[in-house]
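Content type compact mmCIF, C-alpha atoms and all ligand atoms, from the file my_file-v4.txt:
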# COMPACT_ATOMS: atom_id res chain seq x y z
CA MET A 1 0.00 0.00 0.00
CA LYS A 2 1.42 3.32 -1.03
CA ILE A 3 0.19 6.72 0.13
CA ALA A 4 1.04 9.99 -1.61
CA ILE A 5 1.45 12.72 1.01
CA LEU A 6 0.60 16.22 -0.25
CA PRO A 7 0.72 18.71 2.66
CA GLY A 8 0.10 21.90 0.62
CA ASP A 9 -0.03 25.41 2.07
CA GLY A 10 -0.85 27.35 5.23
CA ILE A 11 -1.72 25.02 8.10
CA GLY A 12 -1.54 22.02 5.71
CA PRO A 13 2.07 21.05 6.57
CA GLU A 14 1.46 21.66 10.31
CA ILE A 15 -1.53 19.34 10.57
CA MET A 16 -0.03 16.81 8.14
CA ALA A 17 2.98 16.45 10.47
CA GLU A 18 0.60 15.27 13.21
CA ALA A 19 -1.23 12.83 10.92
CA LEU A 20 2.15 11.37 9.94
CA LYS A 21 3.01 10.83 13.62
CA VAL A 22 -0.21 8.83 13.91
CA LEU A 23 0.71 6.87 10.78
CA ASP A 24 4.19 6.14 12.22
CA ALA A 25 2.59 4.84 15.41
CA LEU A 26 0.36 2.53 13.35
CA ARG A 27 3.41 1.31 11.44
CA ARG A 28 5.18 0.50 14.70
CA ASN A 29 2.13 -1.65 15.46
CA GLY A 30 2.39 -3.56 12.20
CA LEU A 31 0.60 -1.51 9.53
CA LYS A 32 2.47 -1.97 6.26
CA VAL A 33 2.39 1.23 4.21
CA GLU A 34 4.85 3.24 2.18
CA THR A 35 4.66 7.00 1.88
CA GLU A 36 6.12 9.56 -0.47
CA SER A 37 5.64 13.33 -0.21
CA ALA A 38 5.41 16.03 -2.85
CA LEU A 39 4.65 19.73 -3.09
CA VAL A 40 1.20 20.87 -4.16
CA GLY A 41 -0.70 24.17 -4.35
CA GLY A 42 1.07 27.46 -3.71
CA ALA A 43 4.17 25.68 -2.41
CA ALA A 44 4.46 23.80 -5.72
CA TYR A 45 3.83 26.98 -7.71
CA ASP A 46 6.68 28.73 -5.89
CA ALA A 47 9.07 25.83 -6.53
CA PHE A 48 8.01 24.68 -10.01
CA GLY A 49 5.68 27.35 -11.48
CA HIS A 50 2.58 25.11 -11.34
CA PRO A 51 0.17 24.17 -8.48
CA LEU A 52 0.00 20.56 -9.70
CA PRO A 53 3.41 19.72 -11.21
CA ALA A 54 3.60 16.62 -13.43
CA ALA A 55 5.70 14.76 -10.83
CA THR A 56 3.10 15.41 -8.09
CA LEU A 57 0.28 14.23 -10.35
CA LYS A 58 2.23 11.09 -11.27
CA LEU A 59 2.91 10.33 -7.61
CA ALA A 60 -0.83 10.66 -6.89
CA GLN A 61 -1.74 8.49 -9.89
CA ASP A 62 0.72 5.76 -8.94
CA ALA A 63 -0.25 5.68 -5.25
CA ASP A 64 -3.18 3.71 -3.81
CA ALA A 65 -4.42 6.78 -1.93
CA VAL A 66 -3.61 10.46 -1.47
CA LEU A 67 -3.48 12.18 1.91
CA PHE A 68 -3.99 15.86 1.13
CA GLY A 69 -3.57 18.81 3.52
CA SER A 70 -4.98 22.06 2.19
CA VAL A 71 -4.02 24.61 -0.44
CA GLY A 72 -4.34 28.33 -0.95
CA SER A 73 -2.77 31.50 0.38
CA PRO A 74 -3.43 35.22 0.00
CA LYS A 75 -0.02 35.57 -1.68
CA HIS A 76 -1.26 33.45 -4.61
CA ASP A 77 -4.74 34.98 -4.94
CA ALA A 78 -3.66 37.41 -7.65
CA LEU A 79 -2.32 34.67 -9.96
CA PRO A 80 -4.21 33.79 -13.16
CA ARG A 81 -6.95 31.26 -12.38
CA GLU A 82 -5.09 28.28 -13.91
CA HIS A 83 -2.13 28.86 -11.59
CA ARG A 84 -4.09 29.33 -8.37
CA PRO A 85 -3.31 26.73 -5.68
CA GLU A 86 -6.95 25.56 -5.56
CA LYS A 87 -6.61 24.34 -9.17
CA ALA A 88 -4.51 21.46 -7.82
CA ILE A 89 -7.49 19.78 -6.16
CA LEU A 90 -9.69 20.16 -9.24
CA GLY A 91 -6.85 18.77 -11.38
CA LEU A 92 -6.37 15.76 -9.10
CA ARG A 93 -10.11 15.05 -9.06
CA LYS A 94 -10.31 15.21 -12.84
CA GLU A 95 -7.13 13.29 -13.68
CA CYS A 96 -7.80 10.53 -11.14
CA ASP A 97 -11.58 10.40 -11.86
CA PHE A 98 -12.50 10.89 -8.22
CA PHE A 99 -16.28 11.05 -8.74
CA ALA A 100 -17.61 10.25 -5.27
CA ASN A 101 -17.25 12.74 -2.45
CA LEU A 102 -17.76 11.30 1.05
CA ARG A 103 -18.34 13.82 3.81
CA PRO A 104 -19.02 12.56 7.30
CA ALA A 105 -20.71 14.80 9.85
CA THR A 106 -19.78 13.43 13.24
CA VAL A 107 -20.45 15.11 16.54
CA PHE A 108 -18.38 13.80 19.40
CA PRO A 109 -20.59 14.01 22.52
CA GLU A 110 -17.98 16.21 24.26
CA LEU A 111 -18.32 18.84 21.52
CA ALA A 112 -22.11 18.83 21.14
CA ASP A 113 -22.42 22.35 22.52
CA ALA A 114 -20.27 23.73 19.66
CA SER A 115 -23.26 23.32 17.33
CA THR A 116 -25.82 26.07 16.77
CA LEU A 117 -28.51 23.40 17.30
CA ARG A 118 -29.54 22.15 20.73
CA SER A 119 -26.97 19.64 21.96
CA GLU A 120 -29.49 16.80 22.37
CA VAL A 121 -30.33 17.08 18.64
CA VAL A 122 -26.71 16.60 17.53
CA ALA A 123 -24.85 14.78 20.35
CA GLY A 124 -23.57 11.48 18.97
CA LEU A 125 -24.46 12.36 15.37
CA ASP A 126 -22.68 10.06 12.91
CA LEU A 127 -23.82 10.69 9.37
CA MET A 128 -22.16 10.23 5.98
CA ILE A 129 -23.16 12.27 2.94
CA ILE A 130 -22.08 11.03 -0.48
CA ARG A 131 -22.09 13.58 -3.27
CA GLU A 132 -21.65 12.83 -6.98
CA LEU A 133 -18.94 15.10 -8.44
CA THR A 134 -18.92 14.74 -12.23
CA GLY A 135 -22.49 15.26 -13.51
CA ASP A 136 -25.66 17.25 -12.91
CA ILE A 137 -26.53 20.88 -13.56
CA TYR A 138 -22.90 21.97 -13.00
CA PHE A 139 -21.77 20.28 -16.23
CA GLY A 140 -24.99 19.71 -18.28
CA GLU A 141 -25.48 21.28 -21.73
CA PRO A 142 -27.08 23.46 -23.00
CA ARG A 143 -26.01 26.19 -20.63
CA GLY A 144 -25.51 29.93 -20.77
CA VAL A 145 -27.28 33.26 -20.99
CA SER A 146 -28.73 34.45 -24.30
CA GLY A 147 -30.99 37.21 -25.65
CA GLU A 148 -31.12 40.97 -25.47
CA LYS A 149 -30.93 42.90 -22.22
CA GLY A 150 -34.42 43.03 -20.72
CA ALA A 151 -35.36 39.67 -22.27
CA ARG A 152 -32.33 37.51 -21.44
CA ILE A 153 -32.72 33.82 -20.68
CA GLY A 154 -30.43 31.87 -18.34
CA VAL A 155 -30.23 28.13 -18.91
CA ASN A 156 -28.58 25.24 -17.09
CA THR A 157 -29.39 21.61 -17.61
CA MET A 158 -29.65 18.83 -15.07
CA HIS A 159 -27.97 15.96 -16.88
CA TYR A 160 -27.29 12.46 -15.58
CA THR A 161 -26.45 9.29 -17.46
CA GLU A 162 -27.53 5.92 -16.15
CA ALA A 163 -23.87 4.96 -15.70
CA GLN A 164 -23.14 8.04 -13.59
CA ILE A 165 -26.11 7.39 -11.32
CA ARG A 166 -25.36 3.71 -11.04
CA ARG A 167 -21.75 4.12 -9.93
CA ILE A 168 -22.51 6.72 -7.24
CA VAL A 169 -25.46 4.74 -5.87
CA HIS A 170 -23.18 1.69 -5.67
CA VAL A 171 -20.76 3.76 -3.58
CA GLY A 172 -23.72 4.63 -1.36
CA PHE A 173 -24.64 0.98 -0.85
CA ARG A 174 -21.05 -0.12 -0.24
CA THR A 175 -20.52 2.68 2.28
CA ALA A 176 -23.73 1.73 4.10
CA GLN A 177 -22.46 -1.85 4.27
CA GLN A 178 -19.41 -0.60 6.18
CA ARG A 179 -21.59 1.40 8.56
CA ASN A 180 -25.12 0.90 9.91
CA LYS A 181 -26.58 -0.52 6.68
CA ARG A 182 -29.13 2.22 5.99
CA LEU A 183 -28.97 4.27 2.79
CA CYS A 184 -31.20 7.26 2.04
CA SER A 185 -31.23 8.29 -1.62
CA ILE A 186 -31.99 11.98 -2.20
CA ASP A 187 -33.84 13.15 -5.30
CA LYS A 188 -36.55 15.49 -6.58
CA MET A 189 -38.49 12.95 -8.62
CA ASN A 190 -41.80 14.73 -8.11
CA VAL A 191 -40.80 17.48 -10.59
CA LEU A 192 -37.58 16.44 -12.38
CA GLU A 193 -37.37 13.62 -14.94
CA ALA A 194 -33.61 13.27 -14.40
CA MET A 195 -34.36 12.61 -10.73
CA GLN A 196 -37.04 10.03 -11.60
CA LEU A 197 -34.27 8.20 -13.45
CA TRP A 198 -32.09 8.56 -10.33
CA ARG A 199 -34.77 6.94 -8.18
CA ASP A 200 -35.50 4.15 -10.70
CA ILE A 201 -31.82 3.19 -10.83
CA ALA A 202 -31.45 3.25 -7.06
CA ILE A 203 -34.39 0.83 -6.81
CA GLU A 204 -32.92 -1.40 -9.52
CA ILE A 205 -29.70 -1.82 -7.52
CA VAL A 206 -31.42 -2.88 -4.27
CA PRO A 207 -31.28 -6.68 -4.91
CA GLU A 208 -27.46 -6.52 -5.10
CA TYR A 209 -27.29 -5.37 -1.46
CA PRO A 210 -29.80 -7.44 0.52
CA ASP A 211 -28.17 -6.38 3.79
CA VAL A 212 -28.79 -2.64 3.20
CA GLU A 213 -32.12 -0.91 3.75
CA LEU A 214 -32.80 1.73 1.07
CA SER A 215 -35.13 4.69 1.60
CA HIS A 216 -35.84 7.75 -0.57
CA MET A 217 -36.34 11.38 0.38
CA LEU A 218 -37.09 14.50 -1.63
CA VAL A 219 -34.28 17.01 -1.26
CA ASP A 220 -36.43 19.77 0.26
CA ASN A 221 -37.61 17.42 2.97
CA ALA A 222 -34.02 16.18 3.48
CA ALA A 223 -32.83 19.75 4.09
CA MET A 224 -35.53 20.10 6.74
CA GLN A 225 -34.96 16.68 8.34
CA LEU A 226 -31.21 17.38 8.67
CA ILE A 227 -32.05 20.23 11.03
CA ARG A 228 -35.05 18.58 12.71
CA ASN A 229 -33.61 15.15 13.46
CA PRO A 230 -30.22 14.51 11.82
CA LYS A 231 -29.61 11.32 13.82
CA GLN A 232 -32.27 9.50 11.75
CA PHE A 233 -29.72 9.18 8.90
CA ASP A 234 -26.83 6.75 8.42
CA VAL A 235 -25.69 7.30 4.79
CA MET A 236 -27.23 9.76 2.31
CA VAL A 237 -26.43 9.68 -1.41
CA ALA A 238 -27.18 12.65 -3.66
CA GLY A 239 -26.36 14.22 -7.00
CA ASN A 240 -23.82 16.98 -7.41
CA MET A 241 -25.98 20.02 -6.62
CA PHE A 242 -28.17 18.56 -3.88
CA GLY A 243 -25.11 16.89 -2.32
CA ASP A 244 -23.18 20.16 -2.41
CA ILE A 245 -25.87 21.97 -0.47
CA LEU A 246 -26.76 19.18 1.98
CA SER A 247 -23.13 18.38 2.84
CA ASP A 248 -22.42 22.00 3.77
CA GLU A 249 -25.60 22.08 5.83
CA ALA A 250 -24.57 18.86 7.58
CA SER A 251 -21.04 20.10 8.33
CA MET A 252 -22.52 23.07 10.18
CA LEU A 253 -24.43 20.69 12.45
CA THR A 254 -21.10 19.87 14.04
CA GLY A 255 -20.03 23.46 14.62
CA SER A 256 -16.30 22.77 14.32
CA ILE A 257 -14.67 22.95 10.91
CA GLY A 258 -11.32 21.67 12.23
CA MET A 259 -12.85 18.25 13.01
CA LEU A 260 -14.25 17.10 9.68
CA PRO A 261 -12.45 14.85 7.17
CA SER A 262 -13.59 13.98 3.64
CA ALA A 263 -12.82 11.57 0.83
CA SER A 264 -13.07 11.68 -2.96
CA LEU A 265 -13.12 8.17 -4.42
CA ASP A 266 -12.74 6.60 -7.87
CA ALA A 267 -14.55 3.49 -9.11
CA ASN A 268 -11.95 1.16 -7.55
CA GLY A 269 -11.96 2.70 -4.09
CA LYS A 270 -8.76 4.68 -4.58
CA GLY A 271 -9.22 8.05 -2.92
CA LEU A 272 -8.02 11.48 -2.00
CA TYR A 273 -8.52 12.19 1.69
CA GLU A 274 -8.49 15.73 3.09
CA PRO A 275 -9.95 17.94 5.79
CA ILE A 276 -13.03 19.89 4.62
CA HIS A 277 -11.41 23.13 5.78
CA GLY A 278 -8.93 25.26 3.84
CA SER A 279 -5.39 26.41 4.57
CA ALA A 280 -6.47 28.87 7.32
CA PRO A 281 -3.89 31.57 6.49
CA ASP A 282 -5.13 33.59 9.48
CA ILE A 283 -3.61 31.06 11.92
CA ALA A 284 -0.88 29.43 9.78
CA GLY A 285 2.61 29.24 11.28
CA ARG A 286 1.42 29.67 14.87
CA GLY A 287 1.17 26.00 15.81
CA ILE A 288 -2.44 26.33 16.99
CA ALA A 289 -4.42 24.64 14.19
CA ASN A 290 -6.59 21.65 15.04
CA PRO A 291 -5.01 18.55 13.42
CA LEU A 292 -7.99 16.24 14.06
CA ALA A 293 -9.63 16.62 10.61
CA GLN A 294 -6.33 15.59 9.03
CA ILE A 295 -5.88 12.67 11.44
CA LEU A 296 -9.49 11.55 10.84
CA SER A 297 -8.84 11.79 7.07
CA LEU A 298 -6.14 9.17 7.59
CA GLY A 299 -8.70 7.06 9.48
CA MET A 300 -11.16 7.35 6.58
CA MET A 301 -8.42 6.25 4.18
CA LEU A 302 -7.79 3.10 6.21
CA ARG A 303 -11.52 2.30 6.17
CA TYR A 304 -12.56 3.19 2.63
CA THR A 305 -9.49 2.57 0.45
CA PHE A 306 -7.61 -0.11 2.38
CA ASN A 307 -10.66 -1.84 3.95
CA LEU A 308 -8.91 -1.77 7.32
CA GLY A 309 -11.95 -0.95 9.43
CA GLU A 310 -10.34 -2.09 12.68
CA TRP A 311 -7.33 0.19 12.17
CA ALA A 312 -9.69 3.06 11.34
CA ASP A 313 -11.61 2.31 14.55
CA ARG A 314 -8.34 2.61 16.48
CA VAL A 315 -7.61 6.04 15.02
CA GLU A 316 -11.16 7.28 15.65
CA GLY A 317 -11.13 5.72 19.12
CA ALA A 318 -7.89 7.54 19.97
CA VAL A 319 -9.42 10.86 18.84
CA LYS A 320 -12.55 10.20 20.94
CA LYS A 321 -10.46 9.34 23.99
CA THR A 322 -8.35 12.49 23.55
CA LEU A 323 -11.50 14.64 23.45
CA ALA A 324 -12.93 12.79 26.46
CA GLN A 325 -9.72 13.70 28.33
CA GLY A 326 -10.64 17.35 27.76
CA ILE A 327 -7.77 18.13 25.38
CA ARG A 328 -8.83 21.00 23.09
CA THR A 329 -7.19 23.16 20.45
CA ALA A 330 -8.27 26.81 20.42
CA ASP A 331 -11.04 26.36 17.84
CA ILE A 332 -12.96 23.86 20.02
CA ALA A 333 -12.04 25.14 23.49
CA LYS A 334 -14.60 26.96 25.62
CA PRO A 335 -13.60 30.28 27.19
CA GLY A 336 -11.28 29.64 30.13
CA GLU A 337 -10.33 26.09 29.06
CA THR A 338 -6.65 25.17 28.70
CA VAL A 339 -5.66 25.22 25.06
CA ALA A 340 -3.43 22.59 23.42
CA THR A 341 -1.11 23.33 20.51
CA THR A 342 -1.27 21.42 17.23
CA ALA A 343 1.67 19.25 18.32
CA GLN A 344 0.22 18.59 21.79
CA MET A 345 -3.08 17.44 20.26
CA GLY A 346 -1.20 15.15 17.83
CA ALA A 347 0.92 13.71 20.65
CA ALA A 348 -2.17 13.03 22.78
CA VAL A 349 -3.82 11.11 19.94
CA VAL A 350 -0.64 9.05 19.43
CA SER A 351 -0.41 8.19 23.10
CA ASN A 352 -4.08 7.15 23.12
CA LEU A 353 -3.69 4.85 20.11
P1 LIG A 401 -10.59 28.02 5.90
O1 LIG A 401 -11.33 26.74 6.03
O2 LIG A 401 -9.16 27.94 5.57
O3 LIG A 401 -10.75 28.87 7.26
C1 LIG A 401 -12.01 29.30 7.76
C2 LIG A 401 -11.87 29.59 9.26
O4 LIG A 401 -11.74 28.36 9.98
C3 LIG A 401 -10.61 30.39 9.60
O5 LIG A 401 -10.89 31.29 10.66
C4 LIG A 401 -9.62 29.36 10.08
O6 LIG A 401 -8.66 29.84 11.00
C5 LIG A 401 -10.54 28.32 10.72
N1 LIG A 401 -9.98 26.96 10.59
C6 LIG A 401 -9.93 26.20 9.45
N2 LIG A 401 -9.31 25.04 9.70
C7 LIG A 401 -8.95 25.06 10.99
C8 LIG A 401 -8.26 24.15 11.84
N3 LIG A 401 -7.83 22.95 11.41
N4 LIG A 401 -8.05 24.50 13.13
C9 LIG A 401 -8.49 25.67 13.60
N5 LIG A 401 -9.15 26.59 12.86
C10 LIG A 401 -9.37 26.28 11.56
O7 LIG A 401 -11.37 28.88 4.80
P2 LIG A 401 -10.99 30.28 4.11
O8 LIG A 401 -10.36 31.18 5.12
O9 LIG A 401 -12.20 30.68 3.40
O10 LIG A 401 -9.91 29.90 3.00
C11 LIG A 401 -8.49 30.02 3.20
C12 LIG A 401 -7.78 29.46 1.98
O11 LIG A 401 -8.04 28.05 1.87
C13 LIG A 401 -8.24 30.07 0.65
O12 LIG A 401 -7.10 30.25 -0.15
C14 LIG A 401 -9.16 29.01 0.08
O13 LIG A 401 -9.24 29.06 -1.32
C15 LIG A 401 -8.49 27.74 0.55
N6 LIG A 401 -9.37 26.56 0.63
C16 LIG A 401 -8.79 25.38 0.34
C17 LIG A 401 -9.50 24.21 0.49
C18 LIG A 401 -8.80 22.90 0.24
O14 LIG A 401 -7.58 22.86 0.23
N7 LIG A 401 -9.53 21.82 0.01
C19 LIG A 401 -10.84 24.24 0.93
C20 LIG A 401 -11.40 25.48 1.26
C21 LIG A 401 -10.65 26.65 1.11

When written as structure tokens, how does the structure in this file appear?
Ligand code: NAD
Amino acid sequence: MKIAILPGDGIGPEIMAEALKVLDALRRNGLKVETESALVGGAAYDAFGHPLPAATLKLAQDADAVLFGSVGSPKHDALPREHRPEKAILGLRKECDFFANLRPATVFPELADASTLRSEVVAGLDLMIIRELTGDIYFGEPRGVSGEKGARIGVNTMHYTEAQIRRIVHVGFRTAQQRNKRLCSIDKMNVLEAMQLWRDIAIEIVPEYPDVELSHMLVDNAAMQLIRNPKQFDVMVAGNMFGDILSDEASMLTGSIGMLPSASLDANGKGLYEPIHGSAPDIAGRGIANPLAQILSLGMMLRYTFNLGEWADRVEGAVKKTLAQGIRTADIAKPGETVATTAQMGAAVVSNL
């Protein structure tokens, strides 16, 4: 098993260093993995004139999985769009055909009061949203604005092929198999033909996964249910636009951006794993960033690419124990609580492994 390590910019290298300490501890306990690092984002632009140099892309393509930090910095914001650090992620997604975005929303009981919702609504939440990344209204043709001012028409097209729907719904079923075996498929079949096709295909696939219970929900109701009673869900699968909106809504249920990992997977389970947050230039270089989203991204990689659920449980268990011990970085500490540095949080997770 080979992992490409791409720390990136801002807090990326700081939090990646802690995830690598966790990986080293797992290796000392018998996990067999190789790693190789490369520059990406603004750091790669400064060294090689491109945010995704050919050697970095090749390393990612040849590896079984990519552990990605974060990219972007104010210093690179004025560059032409194709040289901006953020282009690196889009390039990796496209070149590696990462079409399935997995975003967990997990609320550790100790952090339930960080949410804007009442703590009893979110405490213990453990939900996975799967978003399709290659189709839908974001890519469908025709598109554009035409006509004279005063009578212009704006058009975008919701477009899904059977194959695109099928492969993302399969990811939904397989993910549910690794969790609590309940999959909720999100659509808008009451008004959109493309979404009727989505639902028909989801139903067709059911017999292949007799151990998973499939339900369906219209997206407007899903948006409401996520706020009303988010703990009713195990895995949700949605198209590109609905998944985009629902996954952001779900991440806010947790109230702490520094805690949430994500994965983008291809058809064979190879994936890019990264925190949902960015490079946090406002706190970079100060050693105070929360490394838990990066560490949990490593846990997701063990579960979803390497099928090492027990090793993933160990990583998640060590994070839970660390939180239960009251160890907090600044972003999740309450006023007056002692604040741990990035390195202290990483060390605590390692010692709890
Ligand atoms: P951000 O996620 O970097 O930061 C938002 C806020 O959350 C900041 O106050 C930051 O300090 C805080 N925060 C984020 N991660 C944290 C952590 N681990 N610990 C403690 N606090 C944390 O979003 P932004 O400020 O809008 O964007 C900054 C840069 O990151 C931009 O260049 C943006 O384009 C880029 N970005 C990259 C990615 C990615 O690499 N996938 C994603 C989003 C944004």

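Of the listed residues (A:Ile283, A:Met128, A:Ala55, A:Ile153), A:Met128 comes nearest to Phe233 (chain A); the distances count all atoms listed in the file.
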
| query | Counting all atoms listed in the file, what residues are within 7 Å of ligand LIG 401 (chain A), given as number ranges by chain? | reply | A: 69-74, 86, 89, 257-258, 274-283, 288-291, 293, 330-331

| field | Separation of CA of Gln61 (chain A) from CA of Pro85 (chain A), in Å and rounded to one decimal | value | 18.8 Å

Which residues are near Gln294 (chain A)? Cut-off 9 Å, only C-alpha atoms, ignore same chain within fewer than 2 positions. Put them as a PDB file with C-alpha atoms, in the coordinates of the input.
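Contents of result_27.pdb, freshly written:
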ATOM      1  CA  GLY A  12      -1.540  22.020   5.710  1.00  0.00           C
ATOM      2  CA  ILE A  15      -1.530  19.340  10.570  1.00  0.00           C
ATOM      3  CA  MET A  16      -0.030  16.810   8.140  1.00  0.00           C
ATOM      4  CA  GLU A  18       0.600  15.270  13.210  1.00  0.00           C
ATOM      5  CA  ALA A  19      -1.230  12.830  10.920  1.00  0.00           C
ATOM      6  CA  LEU A  67      -3.480  12.180   1.910  1.00  0.00           C
ATOM      7  CA  PHE A  68      -3.990  15.860   1.130  1.00  0.00           C
ATOM      8  CA  GLY A  69      -3.570  18.810   3.520  1.00  0.00           C
ATOM      9  CA  GLY A 258     -11.320  21.670  12.230  1.00  0.00           C
ATOM     10  CA  MET A 259     -12.850  18.250  13.010  1.00  0.00           C
ATOM     11  CA  LEU A 260     -14.250  17.100   9.680  1.00  0.00           C
ATOM     12  CA  PRO A 261     -12.450  14.850   7.170  1.00  0.00           C
ATOM     13  CA  TYR A 273      -8.520  12.190   1.690  1.00  0.00           C
ATOM     14  CA  GLU A 274      -8.490  15.730   3.090  1.00  0.00           C
ATOM     15  CA  PRO A 275      -9.950  17.940   5.790  1.00  0.00           C
ATOM     16  CA  ASN A 290      -6.590  21.650  15.040  1.00  0.00           C
ATOM     17  CA  PRO A 291      -5.010  18.550  13.420  1.00  0.00           C
ATOM     18  CA  LEU A 292      -7.990  16.240  14.060  1.00  0.00           C
ATOM     19  CA  LEU A 296      -9.490  11.550  10.840  1.00  0.00           C
ATOM     20  CA  SER A 297      -8.840  11.790   7.070  1.00  0.00           C
ATOM     21  CA  LEU A 298      -6.140   9.170   7.590  1.00  0.00           C
ATOM     22  CA  GLY A 299      -8.700   7.060   9.480  1.00  0.00           C
TER      23      GLY A 299
END

| Pick from A:Ala238, A:Ala105, A:Ala176, A:Ala223 nearest to Tyr209 (chain A), counting only C-alpha atoms | A:Ala176

| said: Env of Pro142 (chain A): 12 Å cut, atoms = only C-alpha atoms, seq-sep filter 5 positions within chain, self excluded. Answer as number ranges by chain. | reply: A: 136-137, 154-159

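Closest approach to Gly10 (chain A) among A:Met241, A:Val22, A:Val40, A:Ala318 is made by A:Val40 (distances from only C-alpha atoms).
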
| field | Surrounding residues of Leu125 (chain A) excluding itself and chain neighbours under 5 positions, 8 Å, only C-alpha atoms, as a ChimeraX atom specification | value | /A:105-108,230-231

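Distances from A:Ala4, A:Leu246, A:Ala202, A:Ala348 to Glu162 (chain A) were compared using only C-alpha atoms, and the smallest one belongs to A:Ala202.
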
| Exercise: Leu102 (chain A) partners within 6 Å, only C-alpha atoms, chain neighbours under 6 positions left out, as a list in words |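 These residues fall inside the cut-off: Ile129, Ile130, Ser262 and Ala263 of chain A.
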
| task | Find the residue from A:Ala112, A:Val319, A:Ala54, A:Ile165 that sits nearest to Ser351 (chain A); use all atoms listed in the file when measuring. | result |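 Distance minimum relative to Ser351 (chain A) lands on A:Val319.
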
| query | Of the residues A:Phe242, A:Ile332, A:Gln178, A:Ala267, which is the one nearest to Tyr304 (chain A), using all atoms listed in the file? | reply |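 Residue with the minimum atom-to-atom distance to Tyr304 (chain A): A:Gln178.
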
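Omitting Pro210 (chain A) and its sequence neighbours fewer than 2 positions away, and counting all atoms listed in the file, the residues within 12 Å are Phe173, Arg174, Ala176, Gln177, Lys181, Arg182, Leu183, Ile203, Ile205, Val206, Pro207, Glu208, Val212, Glu213 and Leu214 of chain A.
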
Output file for the selection above: C-alpha atoms, as a compact mmCIF listing (two decimals), in the frame of the given file:
# COMPACT_ATOMS: atom_id res chain seq x y z
CA PHE A 173 -24.64 0.98 -0.85
CA ARG A 174 -21.05 -0.12 -0.24
CA ALA A 176 -23.73 1.73 4.10
CA GLN A 177 -22.46 -1.85 4.27
CA LYS A 181 -26.58 -0.52 6.68
CA ARG A 182 -29.13 2.22 5.99
CA LEU A 183 -28.97 4.27 2.79
CA ILE A 203 -34.39 0.83 -6.81
CA ILE A 205 -29.70 -1.82 -7.52
CA VAL A 206 -31.42 -2.88 -4.27
CA PRO A 207 -31.28 -6.68 -4.91
CA GLU A 208 -27.46 -6.52 -5.10
CA VAL A 212 -28.79 -2.64 3.20
CA GLU A 213 -32.12 -0.91 3.75
CA LEU A 214 -32.80 1.73 1.07

| task | Select all residues near (-13.5, 16.2, 20.6) (cut-off 6 Å, inclusive, file coordinates), counting all atoms listed in the file, and output them as a VMD selection string. | result | chain A and resid 108 110 to 111 323

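Between CA of Asp64 (chain A) and CA of Arg166 (chain A) lies a distance of 23.3 Å.
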